[in-house]
>>> print(open('entry_2.cif').read())   # mmCIF, C-alpha atoms
data_input
#
loop_
_atom_site.group_PDB
_atom_site.id
_atom_site.type_symbol
_atom_site.label_atom_id
_atom_site.label_comp_id
_atom_site.auth_asym_id
_atom_site.auth_seq_id
_atom_site.Cartn_x
_atom_site.Cartn_y
_atom_site.Cartn_z
ATOM 1 C CA MET A 1 9.603 -2.914 21.318
ATOM 2 C CA LEU A 2 8.839 -4.981 18.270
ATOM 3 C CA SER A 3 11.927 -6.342 16.562
ATOM 4 C CA ALA A 4 12.372 -7.204 12.909
ATOM 5 C CA GLU A 5 12.917 -10.812 13.959
ATOM 6 C CA GLU A 6 9.565 -10.925 15.824
ATOM 7 C CA LEU A 7 7.764 -9.368 12.889
ATOM 8 C CA LYS A 8 9.289 -11.963 10.617
ATOM 9 C CA GLY A 9 7.936 -14.643 12.964
ATOM 10 C CA TYR A 10 4.433 -13.128 12.878
ATOM 11 C CA ILE A 11 4.424 -13.118 9.091
ATOM 12 C CA MET A 12 5.629 -16.725 8.904
ATOM 13 C CA GLN A 13 3.026 -17.861 11.444
ATOM 14 C CA GLY A 14 0.191 -16.487 9.350
ATOM 15 C CA LEU A 15 1.434 -17.218 5.868
ATOM 16 C CA ALA A 16 3.319 -20.114 4.302
ATOM 17 C CA CYS A 17 6.497 -18.507 3.013
ATOM 18 C CA ASN A 18 9.577 -19.739 1.210
ATOM 19 C CA TYR A 19 11.579 -16.756 2.301
ATOM 20 C CA VAL A 20 11.057 -13.713 4.524
ATOM 21 C CA ALA A 21 13.520 -10.934 5.288
ATOM 22 C CA VAL A 22 12.601 -8.043 7.565
ATOM 23 C CA LEU A 23 14.697 -4.950 8.226
ATOM 24 C CA GLY A 24 14.075 -2.161 10.724
ATOM 25 C CA ASN A 25 15.368 -1.454 14.199
ATOM 26 C CA ASP A 26 13.274 1.414 15.584
ATOM 27 C CA GLY A 27 10.347 -0.808 16.612
ATOM 28 C CA GLN A 28 7.918 0.954 14.272
ATOM 29 C CA HIS A 29 9.196 1.162 10.720
ATOM 30 C CA PHE A 30 9.965 -2.021 8.855
ATOM 31 C CA GLU A 31 10.833 -3.185 5.380
ATOM 32 C CA ALA A 32 10.082 -6.719 4.301
ATOM 33 C CA VAL A 33 10.730 -8.984 1.345
ATOM 34 C CA ILE A 34 8.326 -11.920 1.275
ATOM 35 C CA VAL A 35 8.293 -14.920 -1.049
ATOM 36 C CA SER A 36 5.258 -17.195 -0.859
ATOM 37 C CA PRO A 37 3.629 -19.764 -3.137
ATOM 38 C CA GLN A 38 0.295 -18.375 -1.903
ATOM 39 C CA PHE A 39 0.952 -15.249 -3.986
ATOM 40 C CA SER A 40 0.662 -17.186 -7.247
ATOM 41 C CA GLY A 41 -2.122 -15.962 -9.489
ATOM 42 C CA LYS A 42 -2.734 -12.900 -7.303
ATOM 43 C CA ASN A 43 -2.121 -9.256 -8.093
ATOM 44 C CA MET A 44 0.012 -7.024 -5.885
ATOM 45 C CA VAL A 45 -2.959 -5.722 -3.908
ATOM 46 C CA GLN A 46 -4.098 -9.262 -3.116
ATOM 47 C CA GLN A 47 -0.553 -10.323 -2.208
ATOM 48 C CA HIS A 48 -0.144 -7.465 0.249
ATOM 49 C CA GLN A 49 -3.615 -8.186 1.650
ATOM 50 C CA LEU A 50 -2.492 -11.732 2.458
ATOM 51 C CA VAL A 51 0.422 -10.343 4.480
ATOM 52 C CA TYR A 52 -1.809 -7.830 6.257
ATOM 53 C CA GLN A 53 -4.229 -10.653 7.006
ATOM 54 C CA ALA A 54 -1.402 -12.713 8.517
ATOM 55 C CA LEU A 55 -0.541 -9.781 10.769
ATOM 56 C CA GLY A 56 -4.166 -9.093 11.725
ATOM 57 C CA ASP A 57 -4.665 -6.559 14.535
ATOM 58 C CA ARG A 58 -0.928 -6.138 14.974
ATOM 59 C CA MET A 59 -1.044 -4.048 11.840
ATOM 60 C CA ARG A 60 -3.341 -1.562 13.599
ATOM 61 C CA GLU A 61 -1.732 -1.673 17.007
ATOM 62 C CA GLU A 62 1.973 -2.490 16.995
ATOM 63 C CA ILE A 63 3.232 -1.779 13.530
ATOM 64 C CA HIS A 64 3.291 1.820 12.435
ATOM 65 C CA ALA A 65 4.795 1.325 9.018
ATOM 66 C CA LEU A 66 5.574 -1.724 6.953
ATOM 67 C CA SER A 67 6.962 -1.334 3.491
ATOM 68 C CA MET A 68 6.964 -4.590 1.570
ATOM 69 C CA ARG A 69 7.862 -6.293 -1.654
ATOM 70 C CA THR A 70 6.112 -9.556 -2.423
ATOM 71 C CA PHE A 71 7.229 -12.263 -4.842
ATOM 72 C CA THR A 72 5.914 -15.597 -6.026
ATOM 73 C CA PRO A 73 8.649 -18.264 -5.948
ATOM 74 C CA GLU A 74 8.821 -17.995 -9.759
ATOM 75 C CA ALA A 75 9.177 -14.201 -9.769
ATOM 76 C CA TRP A 76 11.757 -14.462 -6.994
ATOM 77 C CA ALA A 77 13.822 -16.957 -9.011
ATOM 78 C CA ARG A 78 13.594 -14.664 -12.047
ATOM 79 C CA SER A 79 14.775 -11.606 -10.138
ATOM 80 C CA ALA A 80 17.591 -13.626 -8.566
ATOM 81 C CA ALA A 81 18.652 -14.768 -12.046
ATOM 82 C CA GLU A 82 18.685 -11.147 -13.261
ATOM 83 C CA LEU A 83 21.125 -10.215 -10.527
ATOM 84 C CA LYS A 84 23.611 -12.816 -11.593
ATOM 85 C CA MET B 1 -24.020 9.739 5.838
ATOM 86 C CA ASP B 2 -21.752 6.960 7.054
ATOM 87 C CA ALA B 3 -18.056 6.835 6.236
ATOM 88 C CA GLN B 4 -18.361 3.957 3.737
ATOM 89 C CA GLN B 5 -20.962 5.858 1.711
ATOM 90 C CA MET B 6 -18.919 9.048 1.916
ATOM 91 C CA ILE B 7 -15.805 7.274 0.607
ATOM 92 C CA LYS B 8 -17.818 5.625 -2.155
ATOM 93 C CA ASN B 9 -19.106 9.037 -3.226
ATOM 94 C CA GLN B 10 -15.626 10.574 -3.141
ATOM 95 C CA VAL B 11 -13.969 7.881 -5.266
ATOM 96 C CA SER B 12 -16.896 7.750 -7.702
ATOM 97 C CA ALA B 13 -17.122 11.504 -8.223
ATOM 98 C CA ASN B 14 -13.377 12.014 -8.790
ATOM 99 C CA PRO B 15 -11.150 10.087 -11.213
ATOM 100 C CA VAL B 16 -8.010 10.220 -9.025
ATOM 101 C CA VAL B 17 -8.314 10.260 -5.241
ATOM 102 C CA LEU B 18 -5.463 9.883 -2.766
ATOM 103 C CA TYR B 19 -6.271 9.293 0.899
ATOM 104 C CA MET B 20 -3.262 10.554 2.818
ATOM 105 C CA LYS B 21 -1.953 11.904 6.081
ATOM 106 C CA GLY B 22 -1.626 15.659 5.677
ATOM 107 C CA THR B 23 -1.804 17.613 2.438
ATOM 108 C CA PRO B 24 0.307 17.550 -0.754
ATOM 109 C CA GLN B 25 2.017 20.736 0.492
ATOM 110 C CA PHE B 26 2.528 19.376 4.017
ATOM 111 C CA PRO B 27 2.449 15.575 4.108
ATOM 112 C CA GLN B 28 2.514 14.223 7.662
ATOM 113 C CA CYS B 29 4.042 10.844 6.894
ATOM 114 C CA GLY B 30 6.855 9.599 4.678
ATOM 115 C CA PHE B 31 4.641 7.184 2.782
ATOM 116 C CA SER B 32 2.049 9.862 2.033
ATOM 117 C CA SER B 33 4.845 12.156 0.911
ATOM 118 C CA LEU B 34 6.176 9.461 -1.424
ATOM 119 C CA ALA B 35 2.700 8.870 -2.855
ATOM 120 C CA VAL B 36 2.309 12.574 -3.669
ATOM 121 C CA GLN B 37 5.764 12.732 -5.260
ATOM 122 C CA ILE B 38 4.942 9.760 -7.479
ATOM 123 C CA LEU B 39 1.667 11.312 -8.613
ATOM 124 C CA LYS B 40 3.435 14.614 -9.319
ATOM 125 C CA ALA B 41 6.033 12.744 -11.373
ATOM 126 C CA CYS B 42 3.127 11.261 -13.379
ATOM 127 C CA GLU B 43 1.989 14.850 -14.001
ATOM 128 C CA VAL B 44 -1.502 14.069 -12.804
ATOM 129 C CA SER B 45 -3.696 17.123 -13.209
ATOM 130 C CA ASN B 46 -6.970 16.079 -11.633
ATOM 131 C CA LEU B 47 -5.760 14.804 -8.281
ATOM 132 C CA VAL B 48 -8.102 15.056 -5.315
ATOM 133 C CA THR B 49 -6.558 14.396 -1.917
ATOM 134 C CA VAL B 50 -8.333 13.619 1.342
ATOM 135 C CA ASN B 51 -6.486 14.347 4.586
ATOM 136 C CA VAL B 52 -7.523 11.491 6.861
ATOM 137 C CA LEU B 53 -6.056 13.262 9.890
ATOM 138 C CA GLU B 54 -8.925 15.748 9.670
ATOM 139 C CA ASP B 55 -11.626 13.084 9.801
ATOM 140 C CA PRO B 56 -11.371 10.148 12.238
ATOM 141 C CA ASP B 57 -14.380 8.408 10.614
ATOM 142 C CA ILE B 58 -12.742 8.442 7.193
ATOM 143 C CA ARG B 59 -9.393 7.456 8.709
ATOM 144 C CA GLU B 60 -10.916 4.281 10.169
ATOM 145 C CA GLY B 61 -13.481 3.742 7.404
ATOM 146 C CA ILE B 62 -10.934 3.768 4.594
ATOM 147 C CA LYS B 63 -9.212 0.765 6.181
ATOM 148 C CA THR B 64 -12.291 -1.410 5.809
ATOM 149 C CA TYR B 65 -13.439 0.098 2.512
ATOM 150 C CA ALA B 66 -10.726 -1.684 0.496
ATOM 151 C CA ASN B 67 -9.713 -4.166 3.206
ATOM 152 C CA TRP B 68 -6.405 -2.307 3.439
ATOM 153 C CA PRO B 69 -5.091 -1.346 6.882
ATOM 154 C CA THR B 70 -2.669 1.402 5.900
ATOM 155 C CA ILE B 71 -2.610 4.914 4.477
ATOM 156 C CA PRO B 72 -1.968 6.294 1.836
ATOM 157 C CA GLN B 73 -4.438 4.672 -0.547
ATOM 158 C CA LEU B 74 -4.862 5.550 -4.216
ATOM 159 C CA TYR B 75 -8.133 5.173 -6.132
ATOM 160 C CA ILE B 76 -8.440 5.564 -9.887
ATOM 161 C CA ASN B 77 -11.931 5.600 -11.400
ATOM 162 C CA GLY B 78 -13.338 4.286 -8.146
ATOM 163 C CA GLU B 79 -10.977 1.293 -8.076
ATOM 164 C CA PHE B 80 -8.463 0.766 -5.297
ATOM 165 C CA VAL B 81 -4.992 0.751 -6.893
ATOM 166 C CA GLY B 82 -2.753 0.300 -3.860
ATOM 167 C CA GLY B 83 -0.655 1.899 -1.160
ATOM 168 C CA ALA B 84 2.741 3.570 -1.459
ATOM 169 C CA ASP B 85 4.718 0.378 -2.195
ATOM 170 C CA ILE B 86 2.398 -0.662 -5.001
ATOM 171 C CA MET B 87 2.285 2.860 -6.405
ATOM 172 C CA ARG B 88 6.081 2.826 -6.525
ATOM 173 C CA SER B 89 6.179 -0.589 -8.256
ATOM 174 C CA LEU B 90 3.555 0.431 -10.803
ATOM 175 C CA TYR B 91 5.396 3.691 -11.410
ATOM 176 C CA GLU B 92 8.711 1.906 -11.951
ATOM 177 C CA GLN B 93 7.018 -0.436 -14.442
ATOM 178 C CA GLY B 94 5.394 2.511 -16.232
ATOM 179 C CA GLU B 95 1.951 1.087 -15.437
ATOM 180 C CA LEU B 96 0.773 3.909 -13.190
ATOM 181 C CA GLN B 97 1.528 6.487 -15.870
ATOM 182 C CA LYS B 98 -0.558 4.429 -18.321
ATOM 183 C CA LEU B 99 -3.482 4.168 -15.924
ATOM 184 C CA LEU B 100 -3.421 7.911 -15.339
ATOM 185 C CA GLN B 101 -3.073 8.772 -19.026
ATOM 186 C CA GLU B 102 -6.062 6.605 -19.872
ATOM 187 C CA ILE B 103 -8.333 8.619 -17.637
ATOM 188 C CA ALA B 104 -6.900 11.956 -18.774
ATOM 189 C CA ALA B 105 -7.592 11.096 -22.434
#
>>> encode(input="entry_2.cif", output="structure tokens")
Amino acid sequence: MLSAEELKGYIMQGLACNYVAVLGNDGQHFEAVIVSPQFSGKNMVQQHQLVYQALGDRMREEIHALSMRTFTPEAWARSAAELK
Amino acid sequence: MDAQQMIKNQVSANPVVLYMKGTPQFPQCGFSSLAVQILKACEVSNLVTVNVLEDPDIREGIKTYANWPTIPQLYINGEFVGGADIMRSLYEQGELQKLLQEIAA
């Protein structure tokens, strides 16, 4: 069964990330927060496509559902500042 | 007609198309259900939905059409807008409502 930790590893292998958090313990449904400098200058569709690309065929075979929120390092710093 | 051409025709002929699992009345997946709820909250009147579970060719074809491996997928005026997560973000920012109002006007 796929664990959140393994999925996190797959994402980090395929995409340079500053921060990745993955939740989900049923092996099929996951939620991820991903911060990557590669997202800069890209819209949300393109950012999610980069993550899907990093996961490749696993997205079709192993992972039933992945809900994600993507941030550039700048947007991540802004949202962290708002929480303070 | 191949699936790519069929999808192209569907999203060109209809201003708002949602590819989903199941129907708005009986969604077969939580993400598809969320997508329908968001569109209802936007009071979209001209929604066309395609149940990918009824057509294996469309179900596979839609994943390559927009280079997007998951369902649901929303198209507005022939343009791919996003899946459930993006629809939710755009809705929370008020952007989805704007997009939908523009085509209704």
>>> residues_around(input="entry_2.cif", residues="Thr70 in chain B", least_positions_apart="3", cutoff="8 Å", atoms="only C-alpha atoms", output="PyMOL selection string")
chain B and resi 63+73+83
>>> write_last_selection(input="entry_2.cif", atoms="C-alpha atoms", output="JSON list (two decimals), in the frame of the given file")
[["chain", "number", "residue", "atom", "x", "y", "z"],
["B", 63, "LYS", "CA", -9.21, 0.76, 6.18],
["B", 73, "GLN", "CA", -4.44, 4.67, -0.55],
["B", 83, "GLY", "CA", -0.66, 1.90, -1.16]]
>>> resolve_selection(input="entry_2.cif", expression="the PyMOL selection byres ((chain B) within 9 of (chain A))", output="VMD selection string")
chain B and resid 31 67 to 70 80 to 86 89
>>> atom_distance(input="entry_2.cif", atom1="CA of Ala4 in chain A", atom2="CA of Cys17 in chain A")
16.1 Å
>>> closest_residue(input="entry_2.cif", among="B:Thr23, B:Leu34, B:Val48, B:Asp57", to="Met6 in chain B", atoms="only C-alpha atoms")
B:Asp57
>>> closest_residue(input="entry_2.cif", among="B:Ala13, B:Ala3, B:Val52, B:Ala41", to="Cys29 in chain B", atoms="all atoms listed in the file")
B:Val52
>>> residues_around(input="entry_2.cif", residues="Ile34 in chain A", least_positions_apart="5", cutoff="10 Å", atoms="only C-alpha atoms", output="VMD selection string")
chain A and resid 8 11 to 12 15 17 to 22 39 47 to 48 51 68 to 73 76
>>> closest_residue(input="entry_2.cif", among="B:Glu92, B:Glu60, B:Asp55, B:Glu43", to="Ala104 in chain B", atoms="only C-alpha atoms")
B:Glu43
>>> decode(input="entry_2.cif", residues="range 22-36 of chain A", atoms="N, CA and C atoms", output="compact mmCIF listing (two decimals), in the first residue's frame")
# COMPACT_ATOMS: atom_id res chain seq x y z
N VAL A 22 2.61 15.60 2.73
CA VAL A 22 1.56 14.74 2.18
C VAL A 22 0.81 14.08 3.33
N LEU A 23 -0.51 14.14 3.26
CA LEU A 23 -1.36 13.48 4.25
C LEU A 23 -2.17 12.41 3.54
N GLY A 24 -2.59 11.40 4.31
CA GLY A 24 -3.44 10.34 3.74
C GLY A 24 -2.93 8.99 4.17
N ASN A 25 -3.80 8.17 4.73
CA ASN A 25 -3.34 6.89 5.24
C ASN A 25 -4.16 5.70 4.77
N ASP A 26 -4.95 5.87 3.69
CA ASP A 26 -5.71 4.72 3.19
C ASP A 26 -5.08 4.13 1.92
N GLY A 27 -3.90 4.65 1.54
CA GLY A 27 -3.20 4.09 0.38
C GLY A 27 -3.71 4.61 -0.95
N GLN A 28 -4.80 5.35 -0.96
CA GLN A 28 -5.38 5.79 -2.23
C GLN A 28 -5.69 7.27 -2.31
N HIS A 29 -6.09 7.84 -1.19
CA HIS A 29 -6.49 9.25 -1.20
C HIS A 29 -5.45 10.06 -0.43
N PHE A 30 -4.94 11.08 -1.11
CA PHE A 30 -3.87 11.87 -0.49
C PHE A 30 -4.14 13.36 -0.66
N GLU A 31 -3.59 14.12 0.29
CA GLU A 31 -3.61 15.57 0.17
C GLU A 31 -2.18 16.07 0.29
N ALA A 32 -1.80 16.97 -0.58
CA ALA A 32 -0.42 17.43 -0.58
C ALA A 32 -0.34 18.95 -0.64
N VAL A 33 0.65 19.48 0.06
CA VAL A 33 1.05 20.88 -0.08
C VAL A 33 2.46 20.87 -0.64
N ILE A 34 2.67 21.58 -1.74
CA ILE A 34 3.97 21.51 -2.43
C ILE A 34 4.46 22.92 -2.72
N VAL A 35 5.69 23.18 -2.30
CA VAL A 35 6.32 24.49 -2.55
C VAL A 35 7.54 24.26 -3.43
N SER A 36 7.56 24.88 -4.61
CA SER A 36 8.68 24.67 -5.52
C SER A 36 9.01 25.95 -6.28
